[in-house]
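Asks: Structure file protein_10.pdb (PDB, C-alpha atoms and all ligand atoms) is given on the next line.
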```pdb
MODEL        1
ATOM      1  CA  MET A 574      68.089-106.198 -96.237
ATOM      2  CA  ALA A 575      68.311-108.582 -99.165
ATOM      3  CA  PRO A 576      65.370-108.478-101.575
ATOM      4  CA  CYS A 577      62.421-110.733-100.961
ATOM      5  CA  ASN A 578      63.376-113.115-103.728
ATOM      6  CA  SER A 579      66.966-113.535-102.554
ATOM      7  CA  ARG A 580      68.005-117.154-102.215
ATOM      8  CA  PRO A 581      68.014-118.501 -98.670
ATOM      9  CA  ASN A 582      71.476-119.165 -97.290
ATOM     10  CA  LEU A 583      71.249-122.830 -96.449
ATOM     11  CA  GLU A 584      74.923-123.387 -95.775
ATOM     12  CA  HIS A 585      74.351-123.535 -92.063
ATOM     13  CA  ALA A 586      71.011-125.304 -92.144
ATOM     14  CA  PRO A 587      70.914-128.230 -89.722
ATOM     15  CA  VAL A 588      71.521-131.354 -91.759
ATOM     16  CA  ALA A 589      70.733-133.930 -89.109
ATOM     17  CA  ALA A 590      67.050-133.992 -89.927
ATOM     18  CA  GLY A 591      67.776-134.876 -93.527
ATOM     19  CA  ARG A 592      70.330-137.571 -92.813
ATOM     20  CA  ARG A 593      68.537-139.624 -90.211
ATOM     21  CA  GLU A 594      65.456-141.712 -90.566
ATOM     22  CA  LEU A 595      62.529-139.370 -89.907
ATOM     23  CA  GLN A 596      59.376-140.486 -88.207
ATOM     24  CA  THR A 597      56.514-140.124 -90.583
ATOM     25  CA  SER A 598      54.007-139.432 -87.803
ATOM     26  CA  LEU A 599      54.365-136.621 -85.288
ATOM     27  CA  ASN A 600      55.765-137.632 -81.912
ATOM     28  CA  ARG A 601      53.695-135.960 -79.181
ATOM     29  CA  GLU A 602      56.208-136.773 -76.428
ATOM     30  CA  THR A 603      59.041-135.142 -78.385
ATOM     31  CA  ILE A 604      56.972-131.973 -78.725
ATOM     32  CA  LEU A 605      55.982-131.885 -75.052
ATOM     33  CA  GLU A 606      59.570-132.466 -73.879
ATOM     34  CA  ALA A 607      60.917-129.624 -76.020
ATOM     35  CA  LEU A 608      58.024-127.191 -75.498
ATOM     36  CA  ARG A 609      59.074-124.055 -73.578
ATOM     37  CA  THR A 610      55.757-122.187 -73.540
ATOM     38  CA  LYS A 611      53.602-121.232 -70.588
ATOM     39  CA  HIS A 612      50.226-121.648 -72.271
ATOM     40  CA  LEU A 613      50.398-122.428 -75.977
ATOM     41  CA  GLY A 614      50.418-126.124 -76.815
ATOM     42  CA  ARG A 615      48.868-126.939 -73.441
ATOM     43  CA  PRO A 616      46.881-129.062 -73.852
ATOM     44  CA  LEU A 617      48.125-130.504 -77.133
ATOM     45  CA  ILE A 618      45.894-132.671 -79.278
ATOM     46  CA  ILE A 619      47.241-134.507 -82.309
ATOM     47  CA  LEU A 620      44.676-135.962 -84.681
ATOM     48  CA  GLU A 621      45.316-138.408 -87.479
ATOM     49  CA  THR A 622      42.808-136.641 -89.700
ATOM     50  CA  CYS A 623      40.050-134.017 -89.469
ATOM     51  CA  SER A 624      38.165-131.669 -91.768
ATOM     52  CA  SER A 625      40.055-128.628 -90.487
ATOM     53  CA  THR A 626      41.982-128.128 -87.251
ATOM     54  CA  ASN A 627      40.077-124.827 -86.894
ATOM     55  CA  ASP A 628      36.807-126.840 -86.818
ATOM     56  CA  ALA A 629      38.171-129.301 -84.256
ATOM     57  CA  ALA A 630      39.520-126.483 -82.083
ATOM     58  CA  ALA A 631      36.225-124.532 -82.387
ATOM     59  CA  ARG A 632      34.289-127.513 -81.029
ATOM     60  CA  LEU A 633      36.689-127.787 -78.089
ATOM     61  CA  ALA A 634      36.509-124.018 -77.506
ATOM     62  CA  SER A 635      32.696-124.218 -77.336
ATOM     63  CA  ASP A 636      33.088-126.985 -74.747
ATOM     64  CA  GLY A 637      35.129-124.539 -72.628
ATOM     65  CA  GLU A 638      38.721-125.539 -73.457
ATOM     66  CA  VAL A 639      41.380-123.174 -72.159
ATOM     67  CA  HIS A 640      43.546-120.488 -73.733
ATOM     68  CA  GLY A 641      46.534-122.209 -75.330
ATOM     69  CA  LEU A 642      44.848-125.428 -76.462
ATOM     70  CA  THR A 643      46.492-126.515 -79.700
ATOM     71  CA  VAL A 644      45.121-128.970 -82.242
ATOM     72  CA  ILE A 645      47.423-130.467 -84.866
ATOM     73  CA  ALA A 646      46.364-132.868 -87.619
ATOM     74  CA  GLU A 647      48.481-135.137 -89.779
ATOM     75  CA  GLU A 648      46.080-134.386 -92.610
ATOM     76  CA  GLN A 649      43.022-132.188 -93.211
ATOM     77  CA  THR A 650      40.263-133.265 -95.563
ATOM     78  CA  ALA A 651      38.719-129.787 -95.937
ATOM     79  CA  GLY A 652      41.483-127.370 -94.985
ATOM     80  CA  ARG A 653      40.586-123.768 -95.736
ATOM     81  CA  GLY A 654      42.494-120.583 -96.360
ATOM     82  CA  ARG A 655      41.605-116.932 -96.293
ATOM     83  CA  PHE A 656      39.133-115.445 -98.718
ATOM     84  CA  GLY A 657      37.165-118.719 -98.950
ATOM     85  CA  ARG A 658      39.990-120.562-100.677
ATOM     86  CA  ALA A 659      40.649-124.285-100.187
ATOM     87  CA  TRP A 660      43.937-125.208 -98.475
ATOM     88  CA  SER A 661      45.429-128.500 -99.591
ATOM     89  CA  SER A 662      46.625-130.366 -96.496
ATOM     90  CA  PRO A 663      48.285-133.719 -97.268
ATOM     91  CA  ARG A 664      50.250-135.787 -94.722
ATOM     92  CA  GLY A 665      53.642-134.338 -93.923
ATOM     93  CA  GLY A 666      52.518-130.736 -93.461
ATOM     94  CA  ILE A 667      52.146-128.717 -90.293
ATOM     95  CA  TRP A 668      48.424-128.049 -89.871
ATOM     96  CA  MET A 669      47.728-126.510 -86.529
ATOM     97  CA  SER A 670      45.208-124.304 -84.695
ATOM     98  CA  ILE A 671      45.831-122.435 -81.452
ATOM     99  CA  LEU A 672      42.964-121.311 -79.203
ATOM    100  CA  LEU A 673      43.433-117.804 -77.801
ATOM    101  CA  ARG A 674      41.198-116.213 -75.191
ATOM    102  CA  GLY A 675      40.894-113.219 -72.885
ATOM    103  CA  SER A 676      43.295-110.289 -72.905
ATOM    104  CA  TYR A 677      45.405-112.192 -75.425
ATOM    105  CA  ILE A 678      42.862-111.412 -78.085
ATOM    106  CA  ALA A 679      41.148-108.299 -76.770
ATOM    107  CA  ASN A 680      44.184-106.167 -77.607
ATOM    108  CA  ALA A 681      45.661-108.085 -80.499
ATOM    109  CA  TRP A 682      42.502-109.046 -82.404
ATOM    110  CA  ASP A 683      43.220-107.190 -85.675
ATOM    111  CA  SER A 684      46.855-108.158 -85.720
ATOM    112  CA  LEU A 685      46.741-111.895 -85.046
ATOM    113  CA  ALA A 686      47.193-113.038 -88.659
ATOM    114  CA  LEU A 687      50.327-110.908 -89.042
ATOM    115  CA  ILE A 688      51.625-111.987 -85.640
ATOM    116  CA  GLY A 689      51.091-115.625 -86.669
ATOM    117  CA  ALA A 690      52.888-115.150 -89.982
ATOM    118  CA  LEU A 691      55.750-113.365 -88.200
ATOM    119  CA  ALA A 692      56.015-116.250 -85.681
ATOM    120  CA  ILE A 693      56.257-118.768 -88.535
ATOM    121  CA  SER A 694      58.826-116.691 -90.415
ATOM    122  CA  ARG A 695      61.041-116.262 -87.320
ATOM    123  CA  SER A 696      60.794-119.974 -86.489
ATOM    124  CA  LEU A 697      61.836-121.090 -89.975
ATOM    125  CA  ILE A 698      64.754-118.662 -89.992
ATOM    126  CA  SER A 699      66.015-119.725 -86.571
ATOM    127  CA  GLU A 700      65.419-123.467 -86.891
ATOM    128  CA  LEU A 701      66.212-124.082 -90.562
ATOM    129  CA  ASN A 702      67.995-120.966 -91.783
ATOM    130  CA  VAL A 703      65.320-120.646 -94.444
ATOM    131  CA  VAL A 704      64.796-117.008 -95.426
ATOM    132  CA  ALA A 705      61.045-116.929 -94.898
ATOM    133  CA  ARG A 706      59.439-113.508 -95.296
ATOM    134  CA  VAL A 707      56.055-112.112 -94.377
ATOM    135  CA  ARG A 708      53.711-110.773 -97.034
ATOM    136  CA  TRP A 709      50.669-108.825 -95.858
ATOM    137  CA  PRO A 710      48.069-109.863 -94.823
ATOM    138  CA  ASN A 711      48.866-113.469 -93.822
ATOM    139  CA  ASP A 712      51.455-115.161 -96.032
ATOM    140  CA  VAL A 713      54.955-116.500 -95.503
ATOM    141  CA  LEU A 714      57.030-116.649 -98.678
ATOM    142  CA  VAL A 715      60.426-118.024 -99.599
ATOM    143  CA  ASP A 716      61.951-116.861-102.870
ATOM    144  CA  ASP A 717      58.595-115.194-103.626
ATOM    145  CA  ARG A 718      56.778-118.541-103.386
ATOM    146  CA  LYS A 719      54.120-119.209-100.766
ATOM    147  CA  LEU A 720      55.233-121.678 -98.113
ATOM    148  CA  SER A 721      52.758-120.955 -95.364
ATOM    149  CA  GLY A 722      49.576-119.079 -94.492
ATOM    150  CA  VAL A 723      47.543-118.084 -91.468
ATOM    151  CA  LEU A 724      43.776-118.099 -91.032
ATOM    152  CA  VAL A 725      42.252-116.381 -88.007
ATOM    153  CA  GLU A 726      38.652-117.219 -87.125
ATOM    154  CA  ALA A 727      37.016-115.585 -84.138
ATOM    155  CA  LYS A 728      33.823-115.856 -82.146
ATOM    156  CA  SER A 729      32.170-113.239 -79.978
ATOM    157  CA  LYS A 730      29.888-113.510 -76.966
ATOM    158  CA  GLY A 731      27.574-110.531 -77.143
ATOM    159  CA  ASN A 732      29.832-107.578 -77.873
ATOM    160  CA  GLU A 733      32.898-109.197 -76.314
ATOM    161  CA  PRO A 734      35.386-111.392 -78.140
ATOM    162  CA  ASP A 735      35.025-114.943 -76.796
ATOM    163  CA  TYR A 736      37.910-116.665 -78.532
ATOM    164  CA  ALA A 737      40.115-116.595 -81.622
ATOM    165  CA  LEU A 738      41.578-119.545 -83.498
ATOM    166  CA  LEU A 739      44.960-118.985 -85.017
ATOM    167  CA  GLY A 740      45.115-121.538 -87.835
ATOM    168  CA  MET A 741      48.576-122.049 -89.294
ATOM    169  CA  GLY A 742      49.598-124.122 -92.275
ATOM    170  CA  VAL A 743      53.180-124.826 -93.324
ATOM    171  CA  ASN A 744      53.923-126.901 -96.436
ATOM    172  CA  ALA A 745      56.623-129.129 -94.976
ATOM    173  CA  ASN A 746      57.430-132.764 -95.808
ATOM    174  CA  PHE A 747      55.922-133.294 -99.227
ATOM    175  CA  PRO A 748      56.742-132.147-102.741
ATOM    176  CA  ARG A 749      54.845-129.184-104.127
ATOM    177  CA  ASN A 750      53.522-131.181-107.070
ATOM    178  CA  ILE A 751      51.231-133.286-104.854
ATOM    179  CA  ILE A 752      49.282-130.205-103.750
ATOM    180  CA  ARG A 753      45.899-130.242-105.390
ATOM    181  CA  ASP A 754      45.802-127.449-107.980
ATOM    182  CA  ALA A 755      49.297-126.408-106.864
ATOM    183  CA  ALA A 756      49.603-122.707-107.539
ATOM    184  CA  PRO A 757      52.685-121.884-109.618
ATOM    185  CA  PHE A 758      53.916-119.668-106.818
ATOM    186  CA  SER A 759      53.830-122.174-103.968
ATOM    187  CA  THR A 760      56.641-124.170-102.411
ATOM    188  CA  THR A 761      57.370-126.676 -99.606
ATOM    189  CA  LEU A 762      60.220-127.064 -97.117
ATOM    190  CA  GLN A 763      61.090-130.436 -98.623
ATOM    191  CA  ASP A 764      61.451-128.887-102.085
ATOM    192  CA  LEU A 765      63.511-125.987-100.730
ATOM    193  CA  LEU A 766      65.872-128.052 -98.582
ATOM    194  CA  GLY A 767      65.991-131.257-100.617
ATOM    195  CA  HIS A 768      64.992-133.414 -97.644
ATOM    196  CA  PRO A 769      62.196-133.725 -95.068
ATOM    197  CA  ILE A 770      62.535-131.894 -91.767
ATOM    198  CA  GLY A 771      61.720-132.784 -88.156
ATOM    199  CA  ARG A 772      58.342-131.121 -87.740
ATOM    200  CA  GLU A 773      58.316-131.347 -83.936
ATOM    201  CA  ALA A 774      61.070-128.729 -83.507
ATOM    202  CA  ILE A 775      59.328-126.351 -85.906
ATOM    203  CA  ILE A 776      56.014-126.749 -84.092
ATOM    204  CA  CYS A 777      57.692-125.971 -80.723
ATOM    205  CA  ALA A 778      59.427-122.935 -82.208
ATOM    206  CA  ILE A 779      56.190-121.599 -83.733
ATOM    207  CA  LEU A 780      54.313-122.015 -80.442
ATOM    208  CA  SER A 781      57.077-120.218 -78.503
ATOM    209  CA  GLU A 782      57.391-117.403 -81.030
ATOM    210  CA  THR A 783      53.626-116.904 -81.113
ATOM    211  CA  GLU A 784      53.413-116.761 -77.313
ATOM    212  CA  ASN A 785      56.312-114.300 -77.099
ATOM    213  CA  LEU A 786      54.926-112.073 -79.852
ATOM    214  CA  VAL A 787      51.437-111.955 -78.338
ATOM    215  CA  ASP A 788      53.030-111.076 -74.966
ATOM    216  CA  LEU A 789      55.098-108.376 -76.676
ATOM    217  CA  MET A 790      51.947-106.982 -78.280
ATOM    218  CA  LEU A 791      50.264-106.845 -74.865
ATOM    219  CA  SER A 792      53.217-105.229 -73.113
ATOM    220  CA  ARG A 793      54.458-102.773 -75.776
ATOM    221  CA  GLY A 794      51.642-102.453 -78.283
ATOM    222  CA  PRO A 795      52.238-102.717 -82.015
ATOM    223  CA  SER A 796      55.622-100.941 -82.111
ATOM    224  CA  GLY A 797      57.680-103.935 -80.944
ATOM    225  CA  ILE A 798      55.956-106.232 -83.430
ATOM    226  CA  LEU A 799      56.391-103.728 -86.253
ATOM    227  CA  GLU A 800      60.116-103.514 -85.581
ATOM    228  CA  LEU A 801      60.445-107.289 -85.938
ATOM    229  CA  LEU A 802      58.106-107.371 -88.913
ATOM    230  CA  GLU A 803      60.190-104.834 -90.833
ATOM    231  CA  LYS A 804      63.163-107.251 -90.713
ATOM    232  CA  VAL A 805      61.314-109.992 -92.581
ATOM    233  CA  GLU A 806      58.661-108.081 -94.478
ATOM    234  CA  CYS A 807      58.448-108.444 -98.281
ATOM    235  CA  SER A 808      55.168-106.760 -99.285
ATOM    236  CA  ARG A 809      56.688-103.330 -99.894
ATOM    237  CA  GLY A 810      56.911-102.456-103.583
ATOM    238  CA  LYS A 811      54.611-105.276-104.664
ATOM    239  CA  SER A 812      51.486-104.580-106.721
ATOM    240  CA  VAL A 813      48.316-105.722-105.043
ATOM    241  CA  LYS A 814      44.606-105.533-105.806
ATOM    242  CA  VAL A 815      42.512-105.168-102.683
ATOM    243  CA  LYS A 816      38.778-105.785-102.660
ATOM    244  CA  LEU A 817      36.752-104.109 -99.911
ATOM    245  CA  GLN A 818      32.985-104.499 -99.297
ATOM    246  CA  ASP A 819      32.118-101.585-101.563
ATOM    247  CA  ARG A 820      35.104-100.999-103.865
ATOM    248  CA  GLU A 821      38.398-102.224-105.210
ATOM    249  CA  ILE A 822      41.783-100.511-104.930
ATOM    250  CA  SER A 823      44.860-101.417-106.959
ATOM    251  CA  GLY A 824      48.182-100.082-105.870
ATOM    252  CA  VAL A 825      51.701-100.693-104.721
ATOM    253  CA  PHE A 826      52.212-101.713-101.087
ATOM    254  CA  ASP A 827      53.827 -98.715 -99.438
ATOM    255  CA  GLY A 828      54.047 -99.825 -95.814
ATOM    256  CA  TYR A 829      52.296-100.516 -92.536
ATOM    257  CA  ASP A 830      50.348 -97.859 -90.691
ATOM    258  CA  GLY A 831      50.366 -99.559 -87.303
ATOM    259  CA  LEU A 832      49.567-103.255 -87.454
ATOM    260  CA  ALA A 833      45.918-103.079 -88.415
ATOM    261  CA  ARG A 834      46.249-100.776 -91.453
ATOM    262  CA  ILE A 835      48.448-100.479 -94.528
ATOM    263  CA  ARG A 836      49.200 -97.778 -97.094
ATOM    264  CA  LEU A 837      48.790 -98.368-100.815
ATOM    265  CA  ALA A 838      50.276 -96.041-103.436
ATOM    266  CA  THR A 839      47.656 -95.785-106.149
ATOM    267  CA  GLY A 840      48.123 -94.795-109.790
ATOM    268  CA  SER A 841      46.799 -91.325-109.066
ATOM    269  CA  GLY A 842      49.849 -90.662-106.922
ATOM    270  CA  LEU A 843      47.818 -90.837-103.725
ATOM    271  CA  LEU A 844      48.471 -92.925-100.652
ATOM    272  CA  GLU A 845      45.323 -94.780 -99.590
ATOM    273  CA  THR A 846      44.981 -96.276 -96.119
ATOM    274  CA  VAL A 847      43.329 -99.695 -95.967
ATOM    275  CA  GLU A 848      42.023-101.386 -92.804
ATOM    276  CA  THR A 849      43.180-105.003 -92.916
ATOM    277  CA  SER A 850      39.979-106.185 -91.201
ATOM    278  CA  SER A 851      37.835-104.761 -94.015
ATOM    279  CA  VAL A 852      39.695-106.602 -96.795
ATOM    280  CA  VAL A 853      37.529-109.179 -98.580
ATOM    281  CA  LEU A 854      40.231-110.273-101.033
ATOM    282  CA  ALA A 855      43.878-109.363-101.636
ATOM    283  CA  GLU A 856      45.565-110.517-104.830
ATOM    284  CA  TYR A 857      49.171-109.848-105.705
ATOM    285  CA  THR A 858      50.129-109.530-109.344
ATOM    286  CA  GLY A 859      51.969-112.667-110.343
ATOM    287  CA  ALA A 860      51.305-114.627-107.135
TER     288      ALA A 860
HETATM  289  C1  LIG B 901      45.849-118.834 -96.233
HETATM  290  O1  LIG B 901      46.998-118.659 -96.638
HETATM  291  O2  LIG B 901      44.879-118.497 -96.926
HETATM  292  C2  LIG B 901      45.639-119.429 -94.864
HETATM  293  C3  LIG B 901      45.900-120.911 -94.812
HETATM  294  C4  LIG B 901      45.666-121.471 -93.428
HETATM  295  C5  LIG B 901      45.760-122.976 -93.381
HETATM  296  C6  LIG B 901      45.672-123.481 -91.970
HETATM  297  S1  LIG B 901      46.085-125.190 -91.841
HETATM  298  C7  LIG B 901      45.507-125.230 -90.201
HETATM  299  C8  LIG B 901      44.233-124.406 -90.166
HETATM  300  N1  LIG B 901      43.107-125.212 -90.585
HETATM  301  C9  LIG B 901      42.564-124.798 -91.719
HETATM  302  O3  LIG B 901      41.578-125.307 -92.284
HETATM  303  N2  LIG B 901      43.222-123.718 -92.162
HETATM  304  C10 LIG B 901      44.314-123.351 -91.281
ENDMDL
END
```
What does this structure look like when you write it as structure tokens?
Replies:
Amino acid sequence: MAPCNSRPNLEHAPVAAGRRELQTSLNRETILEALRTKHLGRPLIILETCSSTNDAAARLASDGEVHGLTVIAEEQTAGRGRFGRAWSSPRGGIWMSILLRGSYIANAWDSLALIGALAISRSLISELNVVARVRWPNDVLVDDRKLSGVLVEAKSKGNEPDYALLGMGVNANFPRNIIRDAAPFSTTLQDLLGHPIGREAIICAILSETENLVDLMLSRGPSGILELLEKVECSRGKSVKVKLQDREISGVFDGYDGLARIRLATGSGLLETVETSSVVLAEYTGA
């Protein structure tokens, strides 16, 4: 496999989206006509603006909305990322939250962020030929720059999981330099491809990939997901500082130990196992 920072091969990228006049607002009918899922994206709510699609979806979940409900916003005024970070969400991005319930979360709870990142990576590769790779625990990178992230927020009822919200953000049709406090290691699809893309097709692809991956997780357990993850994974060999509740570990990402744990090679020559769910902060050197 080519290294994580290899340039995407864009020779075969569809050009139609760049050549024709693109709609600036999402077309709900186009999404519904192309959608091939059983549950995800049904129902589909598209908002002009909201604080965070995870907030909007949480309200609907509390009102009893069904597994699969998806909320998309043209813009978020208080988008959030993992580890309490703000997530800049101007118009032109893909800001979306999927409501998952029942067996879909009971057996995939710890792995949802990685499954979401894998779904985004696979969709961008298949739809745009963009070499998008997954970096533990929840990032999608192109050329070592962050293009997309996943935020999972969950609610329990007593001791049982009630629902999970799979929040996904993809920097799409805007230039990187309009992101507030743009990190030096971020990027957008428009910057990578040189033109805006049709977001509807990407949204459909992400919903289908997510549904298929969650089904795969339920039918085969983590092994099927891990096989797919290995093809697009780019964390291995990177230096990362991981903060847990009670201590900090710095090391080099060595690999996955199932989907819910990773191995870090520490300076002392030891391999430490880290539970992803207990990570308070993960910071990669240089990103
Ligand atoms: C991260 O990389 O830290 C995760 C970013 C997740 C952003 C998405 S955009 C849709 C959903 N709503 C939010 O407020 N956050 C997620």
Asks: So, counting only C-alpha atoms, which residue among A:Ser851, A:Gln818, A:Ser625, A:Ser812 is closest to Leu724 (chain A)?
Replies: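 The closest residue to Leu724 (chain A) is A:Ser625.
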Asks: What are the nearest atom pairs, with distances in Å to one decimal, for all residues of chain A that come at most 8 Å from ligand LIG 901 (chain B), using all atoms listed in the file, set out by chain and rising residue number as a tab-separated table?
Replies:
```
residue	atom	partner	partner_atom	distance
A:Ser624	CA	B:LIG901	O3	7.2
A:Ser625	CA	B:LIG901	O3	4.1
A:Thr626	CA	B:LIG901	N1	4.6
A:Asn627	CA	B:LIG901	N1	4.8
A:Asp628	CA	B:LIG901	O3	7.4
A:Ile645	CA	B:LIG901	C7	7.7
A:Gln649	CA	B:LIG901	O3	7.1
A:Ala651	CA	B:LIG901	O3	6.4
A:Gly652	CA	B:LIG901	O3	3.4
A:Arg653	CA	B:LIG901	O3	3.9
A:Gly654	CA	B:LIG901	O2	3.2
A:Arg655	CA	B:LIG901	O2	3.7
A:Phe656	CA	B:LIG901	O2	6.7
A:Gly657	CA	B:LIG901	O2	8.0
A:Arg658	CA	B:LIG901	O2	6.5
A:Ala659	CA	B:LIG901	O2	7.9
A:Trp660	CA	B:LIG901	C5	5.9
A:Ser662	CA	B:LIG901	S1	7.0
A:Ile667	CA	B:LIG901	S1	7.2
A:Trp668	CA	B:LIG901	C7	4.1
A:Met669	CA	B:LIG901	C7	4.5
A:Ser670	CA	B:LIG901	C8	5.6
A:Asn711	CA	B:LIG901	O1	6.2
A:Asp712	CA	B:LIG901	O1	5.7
A:Ser721	CA	B:LIG901	O1	6.3
A:Gly722	CA	B:LIG901	O1	3.4
A:Val723	CA	B:LIG901	C2	4.1
A:Leu724	CA	B:LIG901	C2	4.5
A:Val725	CA	B:LIG901	C10	8.0
A:Leu739	CA	B:LIG901	C8	7.5
A:Gly740	CA	B:LIG901	C8	3.8
A:Met741	CA	B:LIG901	C6	4.2
A:Gly742	CA	B:LIG901	S1	3.7
A:Val743	CA	B:LIG901	S1	7.3
```
Asks: Which residue is closest to Val703 (chain A)? Choose from A:Ile770, A:Val847, A:Met790, A:Leu832 and count all atoms listed in the file.
Replies: A:Ile770
Asks: I need the residue nearest Asp819 (chain A) from this list: A:Ile798, A:Leu714, A:Cys807, A:Val852. Use only C-alpha atoms for the distance.
Replies: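 Among A:Ile798, A:Leu714, A:Cys807, A:Val852, it is A:Val852 that comes nearest to Asp819 (chain A).
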Asks: Give the answer as one residue: which of A:Ala679, A:Leu844, A:Val813, A:Leu672 has the shortest atom-to-atom distance to Arg708 (chain A), using only C-alpha atoms?
Replies: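 Looking only at the distances to Arg708 (chain A), the closest residue turns out to be A:Val813.
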